[in-house]
file protein-v3.cif (mmCIF, C-alpha atoms)
data_entry
#
loop_
_atom_site.label_atom_id
_atom_site.label_comp_id
_atom_site.auth_asym_id
_atom_site.auth_seq_id
_atom_site.Cartn_x
_atom_site.Cartn_y
_atom_site.Cartn_z
CA MET A 119 163.36 102.50 82.96
CA THR A 120 164.27 99.47 85.09
CA ALA A 121 167.06 97.21 83.88
CA VAL A 122 166.06 93.69 82.82
CA PRO A 123 168.10 90.50 82.32
CA LEU A 124 169.65 90.05 78.92
CA ARG A 125 167.57 87.65 76.81
CA PHE A 126 168.68 85.30 74.04
CA SER A 127 166.97 82.83 71.73
CA PHE A 128 167.82 79.17 72.47
CA SER A 129 167.75 78.52 68.74
CA ASP A 130 170.20 81.29 67.89
CA PHE A 131 172.51 80.32 70.75
CA SER A 132 172.48 76.67 69.69
CA LYS A 133 173.14 77.54 66.03
CA GLU A 134 175.96 79.87 67.07
CA LEU A 135 177.55 77.05 69.07
CA THR A 136 177.15 74.58 66.18
CA ALA A 137 178.69 77.02 63.69
CA LEU A 138 181.58 77.72 66.06
CA LYS A 139 182.32 74.00 66.40
CA LYS A 140 182.67 73.73 62.62
CA ILE A 141 184.77 76.82 61.98
CA VAL A 142 187.29 76.23 64.80
CA ASN A 143 188.28 72.83 63.44
CA GLY A 144 192.07 72.81 63.20
CA PHE A 145 192.53 75.67 65.66
CA LEU A 146 191.36 73.98 68.88
CA ASP A 147 192.72 70.70 70.23
CA ARG A 148 190.91 67.36 69.96
CA SER A 149 189.10 67.70 73.27
CA ALA A 150 187.16 70.72 71.99
CA ALA A 151 184.69 68.69 69.89
CA VAL A 152 183.53 66.67 72.90
CA ILE A 153 183.26 69.80 75.06
CA MET A 154 181.12 71.57 72.48
CA ASP A 155 178.94 68.49 71.94
CA ASN A 156 178.32 68.42 75.70
CA LEU A 157 177.49 72.14 75.63
CA ALA A 158 174.86 71.54 72.95
CA ILE A 159 173.34 68.72 75.01
CA ARG A 160 173.37 70.89 78.13
CA LEU A 161 171.65 73.75 76.34
CA ASP A 162 168.93 71.40 75.09
CA LEU A 163 168.38 70.00 78.60
CA ILE A 164 168.06 73.50 80.03
CA GLN A 165 165.53 74.40 77.34
CA ARG A 166 163.45 71.32 78.19
CA ASP A 167 163.67 71.79 81.96
CA LEU A 168 160.14 72.28 83.32
CA GLY A 169 161.43 73.47 86.68
CA ASN A 170 161.95 77.04 85.47
CA ARG A 171 165.23 77.10 87.37
CA GLU A 172 168.48 79.00 87.12
CA CYS A 173 170.98 76.66 85.46
CA PRO A 174 174.71 76.87 84.76
CA PHE A 175 175.81 76.84 81.13
CA GLU A 176 179.56 76.48 81.40
CA VAL A 177 182.94 75.22 80.32
CA SER A 178 184.95 74.52 83.47
CA GLU A 179 188.39 75.94 84.20
CA GLU A 180 189.54 72.38 84.89
CA ALA A 181 188.56 71.23 81.37
CA PRO A 182 188.63 74.37 79.19
CA LEU A 183 188.57 74.78 75.46
CA ARG A 184 192.21 74.85 74.38
CA THR A 185 193.82 76.07 71.19
CA ILE A 186 196.61 74.32 69.40
CA GLU A 187 200.06 75.84 69.85
CA SER A 188 200.66 79.15 68.09
CA THR A 189 203.74 81.23 67.32
CA ASN A 190 201.92 83.56 64.93
CA PHE A 191 200.22 86.09 67.18
CA GLU A 192 202.51 88.93 66.05
CA GLY A 193 201.31 88.60 62.45
CA GLN A 194 203.11 89.49 59.20
CA GLY A 195 204.95 86.17 59.24
CA ARG A 196 206.93 86.98 62.39
CA LYS A 197 207.44 84.03 64.74
CA ALA A 198 206.95 84.58 68.46
CA ARG A 199 207.20 82.42 71.56
CA PRO A 200 204.89 79.37 71.43
CA VAL A 201 201.65 79.84 73.35
CA ILE A 202 198.35 78.07 73.91
CA GLY A 203 194.99 79.74 74.46
CA SER A 204 192.50 78.55 77.06
CA ILE A 205 188.82 79.53 77.33
CA SER A 206 186.33 78.72 80.07
CA TRP A 207 183.06 80.32 81.12
CA LYS A 208 180.10 80.20 83.44
CA TRP A 209 176.76 81.74 82.56
CA MET A 210 173.76 81.36 84.86
CA ILE A 211 170.65 81.25 82.67
CA LYS A 212 166.93 80.73 83.21
CA PRO A 213 164.41 79.53 80.60
CA VAL A 214 161.59 81.96 79.87
CA ARG A 215 158.54 79.70 80.10
CA ILE A 216 154.90 80.30 79.35
CA GLY A 217 152.77 77.39 80.55
CA ASN A 218 154.26 73.91 80.09
CA SER A 219 155.41 74.30 76.51
CA LYS A 220 159.04 74.11 75.46
CA CYS A 221 160.44 77.60 75.87
CA SER A 222 162.18 79.45 73.07
CA ASP A 223 164.25 82.00 75.02
CA PHE A 224 166.35 82.33 78.16
CA ASP A 225 167.46 85.16 80.44
CA VAL A 226 170.97 85.63 81.80
CA VAL A 227 170.18 85.87 85.49
CA GLY A 228 173.44 85.74 87.41
CA LEU A 229 177.14 85.33 86.82
CA ALA A 230 178.09 85.73 83.16
CA SER A 231 181.86 85.53 82.90
CA THR A 232 184.17 84.17 80.21
CA LYS A 233 187.81 83.65 81.16
CA LEU A 234 190.50 83.78 78.49
CA ARG A 235 194.08 82.78 79.22
CA ILE A 236 197.32 82.67 77.26
CA LEU A 237 199.73 79.98 78.45
CA ASP A 238 203.44 79.38 77.85
CA ALA A 239 203.61 76.29 75.64
CA ASP A 240 207.35 75.93 76.28
CA CYS A 241 206.84 75.62 80.03
CA GLU A 242 206.04 72.19 81.52
CA ASN A 243 203.42 73.63 83.86
CA GLU A 244 202.11 76.04 81.19
CA THR A 245 202.74 79.26 83.09
CA GLU A 246 199.97 81.81 82.66
CA LEU A 247 201.23 84.72 80.56
CA ALA A 248 197.97 86.67 80.35
CA MET A 249 194.40 86.46 81.60
CA TRP A 250 191.28 88.57 81.16
CA ARG A 251 187.55 88.08 81.65
CA VAL A 252 184.73 89.12 79.34
CA GLU A 253 181.63 89.70 81.45
CA LEU A 254 178.07 90.94 81.58
CA GLY A 255 176.96 93.13 84.45
CA ASP A 256 173.59 93.23 86.16
CA GLY A 257 171.11 95.90 87.19
CA GLN A 258 173.25 97.04 90.15
CA SER A 259 176.78 96.60 88.82
CA PRO A 260 179.04 99.64 88.37
CA GLY A 261 180.93 100.09 85.14
CA CYS A 262 179.87 99.24 81.60
CA TYR A 263 177.32 96.43 81.36
CA PHE A 264 179.36 94.72 78.61
CA HIS A 265 182.93 94.85 79.88
CA THR A 266 186.33 93.19 80.10
CA GLN A 267 188.44 92.99 83.26
CA VAL A 268 192.15 92.14 83.38
CA LEU A 269 193.24 89.57 85.98
CA GLY A 270 191.46 90.53 89.23
CA GLN A 271 191.19 87.09 90.81
CA SER A 272 194.34 87.17 92.93
CA ASN A 273 195.38 89.27 95.93
CA VAL A 274 198.75 89.95 94.29
CA PRO A 275 199.35 93.01 92.05
CA PRO A 276 199.05 93.93 89.27
CA PHE A 277 195.24 94.13 89.05
CA PRO A 278 194.56 92.50 92.44
CA HIS A 279 191.06 91.38 93.44
CA SER A 280 190.75 94.39 95.74
CA VAL A 281 191.00 96.79 92.75
CA CYS A 282 188.16 95.80 90.41
CA VAL A 283 188.81 98.53 87.82
CA PRO A 284 189.15 99.16 84.97
CA ARG A 285 186.02 97.63 83.47
CA LEU A 286 186.82 98.11 79.81
CA PRO A 287 183.92 98.39 77.32
CA THR A 288 183.62 95.39 75.02
CA LEU A 289 181.66 94.26 71.95
CA PHE A 290 181.41 90.59 72.90
CA ALA A 291 177.89 89.43 73.73
CA THR A 292 178.42 85.66 74.06
CA PRO A 293 181.21 83.28 75.10
CA MET A 294 181.37 82.01 71.51
CA ALA A 295 182.22 85.49 70.24
CA ALA A 296 185.01 85.71 72.84
CA VAL A 297 186.39 82.40 71.55
CA GLU A 298 186.72 83.88 68.06
CA PHE A 299 188.44 86.95 69.47
CA LEU A 300 191.11 84.79 71.11
CA LEU A 301 191.64 82.76 67.93
CA CYS A 302 191.90 85.94 65.88
CA GLU A 303 194.52 87.28 68.29
CA LEU A 304 196.62 84.11 68.51
CA PHE A 305 196.47 83.10 64.86
CA GLN A 306 196.29 86.50 63.12
CA ASN A 307 196.78 85.84 59.36
CA GLU A 308 195.62 82.22 59.53
CA TRP A 309 192.28 83.10 61.14
CA GLU A 310 191.72 85.98 58.73
CA GLN A 311 192.24 83.65 55.76
CA HIS A 312 190.21 80.86 57.34
CA THR A 313 187.13 83.05 57.87
CA ALA A 314 187.24 84.73 54.45
CA GLY A 315 185.44 81.88 52.67
CA ASP A 316 181.75 81.46 51.86
CA ARG A 317 181.02 78.02 53.32
CA HIS A 318 177.58 77.61 54.90
CA ASP A 319 178.91 77.41 58.46
CA LEU A 320 181.02 80.54 57.94
CA ALA A 321 178.11 82.36 56.32
CA PHE A 322 175.87 81.70 59.31
CA TRP A 323 178.61 82.52 61.82
CA ASN A 324 179.44 85.80 60.10
CA SER A 325 175.75 86.66 59.80
CA ILE A 326 174.88 86.19 63.45
CA GLN A 327 178.05 87.90 64.71
CA LYS A 328 177.39 90.86 62.40
CA GLN A 329 173.82 91.14 63.71
CA ARG A 330 174.93 90.91 67.36
CA MET A 331 177.58 93.59 66.82
CA LYS A 332 175.09 95.86 65.03
CA ASP A 333 172.58 95.45 67.85
CA LEU A 334 175.19 96.18 70.48
CA LEU A 335 176.73 99.14 68.65
CA ASN A 336 173.29 100.63 67.98
CA TRP A 337 172.39 100.20 71.64
CA LYS A 338 175.63 101.90 72.72
CA LEU A 339 175.01 104.73 70.25
CA GLY A 340 171.51 105.18 71.63
CA CYS A 341 172.92 105.37 75.16
CA ILE A 342 175.02 108.45 74.34
CA GLU A 343 173.09 110.09 71.51
CA ASN A 344 170.72 112.18 73.64
CA THR A 345 172.82 112.63 76.75
CA GLN A 346 173.34 116.17 78.07
CA GLY A 347 176.26 115.14 80.27
CA SER A 348 179.38 113.04 79.82
CA PRO A 349 178.89 110.35 77.14
CA TRP A 350 181.30 108.09 79.04
CA VAL A 351 179.18 108.36 82.17
CA SER A 352 176.05 107.64 80.13
CA MET A 353 177.70 104.56 78.66
CA LYS A 354 178.89 103.40 82.06
CA LEU A 355 175.46 103.75 83.64
CA ALA A 356 173.46 102.23 80.78
CA LYS A 357 171.70 98.91 81.40
CA PRO A 358 169.46 96.96 79.00
CA THR A 359 165.74 97.56 79.54
CA SER A 360 162.58 95.86 78.29
CA LYS A 361 162.25 98.61 75.70
CA ASP A 362 165.62 97.73 74.16
CA GLN A 363 164.92 94.00 73.67
CA LEU A 364 168.66 93.71 72.97
CA PHE A 365 169.33 90.48 70.96
CA PHE A 366 165.82 89.23 71.81
CA GLY A 367 164.14 87.98 68.66
CA LYS A 368 167.22 88.71 66.53
CA LYS A 369 167.66 85.87 64.07
CA GLY A 370 170.84 85.10 62.18
#

call {"tool": "encode", "arguments": {"input": "protein-v3.cif", "output": "structure tokens"}}
result
Amino acid sequence: MTAVPLRFSFSDFSKELTALKKIVNGFLDRSAAVIMDNLAIRLDLIQRDLGNRECPFEVSEEAPLRTIESTNFEGQGRKARPVIGSISWKWMIKPVRIGNSKCSDFDVVGLASTKLRILDADCENETELAMWRVELGDGQSPGCYFHTQVLGQSNVPPFPHSVCVPRLPTLFATPMAAVEFLLCELFQNEWEQHTAGDRHDLAFWNSIQKQRMKDLLNWKLGCIENTQGSPWVSMKLAKPTSKDQLFFGKKG
């Protein structure tokens, strides 16, 4: 069956973004609130766009979401070097429109890449200590459709641009989920304690992330369950199809 673009609900995406803004309070710097407000406005404008065009939904590398300083990424109370996390992304999306009514869903139609960086907080120019990208493939891309790539944007080893492997399988479906992953890595015990409550924003966040993970894990399981060959090859070759309706219509 032919691969189709990944489809999301505008409503779910918007609610996910709103919930993220609330739960990251105290972990991202002050600029994050404005960035996320602008993202919500941008998403609404794309939904209302009658041009049925491909539109960027992004946080620029020049003005990324930034974490506060952390020395707790080793966990268990051990202090490490001070670091700052940085997250940017660019998703090209297209509203799914029927007639002239306001559309309810969008397709991911081009680049879908989220860049996560760890920076040296002790260094004046904030030297990059680590960088990886969480990405979605397309119908022709090699490697796992949902994947992570390390570095790969420079001509200098390790992981130069000319060597685009490995594409590591991932469970992250949206940029917002990748943001939580970075916070969980950098803040370890603090993030675990912070997300253990039952506030409304946390309840919705946990609910929609659980549903997305279940959908993705079930899809991955289906990709390998009936294969007669290598399950890794089956996973690598699998692309979402119209039959899967992955995430489409899933409500948190």

call {"tool": "resolve_selection", "arguments": {"input": "protein-v3.cif", "expression": "the PyMOL selection byres ((chain A and resi 303) around 12)", "output": "ChimeraX atom specification"}}
result
/A:185,188-193,201-203,234-236,296-302,304-310

call {"tool": "atom_distance", "arguments": {"input": "protein-v3.cif", "atom1": "CA of Leu355 in chain A", "atom2": "CA of Cys341 in chain A"}}
result
9.0 Å

call {"tool": "closest_residue", "arguments": {"input": "protein-v3.cif", "among": "A:Lys354, A:Arg160, A:Arg317, A:Arg330", "to": "Ile211 in chain A", "atoms": "all atoms listed in the file"}}
result
A:Arg160

call {"tool": "closest_residue", "arguments": {"input": "protein-v3.cif", "among": "A:Leu161, A:Ala314, A:Leu335, A:Leu269", "to": "Ser129 in chain A", "atoms": "all atoms listed in the file"}}
result
A:Leu161

call {"tool": "residues_around", "arguments": {"input": "protein-v3.cif", "residues": "Lys212 in chain A", "least_positions_apart": "2", "cutoff": "6 Å", "atoms": "only C-alpha atoms", "output": "list in words"}}
result
Arg171, Glu172, Phe224 and Asp225 of chain A

call {"tool": "closest_residue", "arguments": {"input": "protein-v3.cif", "among": "A:Thr245, A:Gln165, A:Gln329, A:Ser132", "to": "Pro200 in chain A", "atoms": "only C-alpha atoms"}}
result
A:Thr245

call {"tool": "closest_residue", "arguments": {"input": "protein-v3.cif", "among": "A:Val281, A:Val177, A:Leu124, A:Leu334", "to": "Ser204 in chain A", "atoms": "all atoms listed in the file"}}
result
A:Val177

call {"tool": "build_atoms", "arguments": {"input": "protein-v3.cif", "residues": "range 301-316 of chain A", "atoms": "N, CA and C atoms", "output": "short mmCIF file (atom, residue, chain, number, x, y, z; two decimals), keeping the file's coordinate frame"}}
result
data_model
loop_
_atom_site.label_atom_id
_atom_site.label_comp_id
_atom_site.auth_asym_id
_atom_site.auth_seq_id
_atom_site.Cartn_x
_atom_site.Cartn_y
_atom_site.Cartn_z
N LEU A 301 191.04 83.41 69.11
CA LEU A 301 191.64 82.76 67.93
C LEU A 301 192.19 83.79 66.96
N CYS A 302 191.45 84.87 66.78
CA CYS A 302 191.90 85.94 65.88
C CYS A 302 193.19 86.59 66.38
N GLU A 303 193.32 86.70 67.71
CA GLU A 303 194.52 87.28 68.29
C GLU A 303 195.71 86.33 68.18
N LEU A 304 195.50 85.06 68.47
CA LEU A 304 196.62 84.11 68.51
C LEU A 304 197.06 83.66 67.12
N PHE A 305 196.14 83.66 66.16
CA PHE A 305 196.47 83.10 64.86
C PHE A 305 196.48 84.12 63.73
N GLN A 306 196.14 85.37 64.03
CA GLN A 306 196.29 86.50 63.12
C GLN A 306 196.00 86.17 61.66
N ASN A 307 197.00 86.03 60.80
CA ASN A 307 196.78 85.84 59.36
C ASN A 307 196.01 84.57 59.05
N GLU A 308 196.30 83.49 59.79
CA GLU A 308 195.62 82.22 59.53
C GLU A 308 194.12 82.32 59.75
N TRP A 309 193.71 82.99 60.85
CA TRP A 309 192.28 83.10 61.14
C TRP A 309 191.60 84.02 60.12
N GLU A 310 192.28 85.08 59.73
CA GLU A 310 191.72 85.98 58.73
C GLU A 310 191.45 85.23 57.42
N GLN A 311 192.40 84.42 56.99
CA GLN A 311 192.24 83.65 55.76
C GLN A 311 191.17 82.58 55.92
N HIS A 312 191.14 81.96 57.09
CA HIS A 312 190.21 80.86 57.34
C HIS A 312 188.76 81.34 57.31
N THR A 313 188.50 82.55 57.77
CA THR A 313 187.13 83.05 57.87
C THR A 313 186.72 83.90 56.66
N ALA A 314 187.54 83.91 55.63
CA ALA A 314 187.24 84.73 54.45
C ALA A 314 186.43 83.97 53.41
N GLY A 315 186.17 82.67 53.64
CA GLY A 315 185.44 81.88 52.67
C GLY A 315 183.94 82.11 52.71
N ASP A 316 183.21 81.32 51.92
CA ASP A 316 181.75 81.46 51.86
C ASP A 316 181.04 80.14 52.16
#
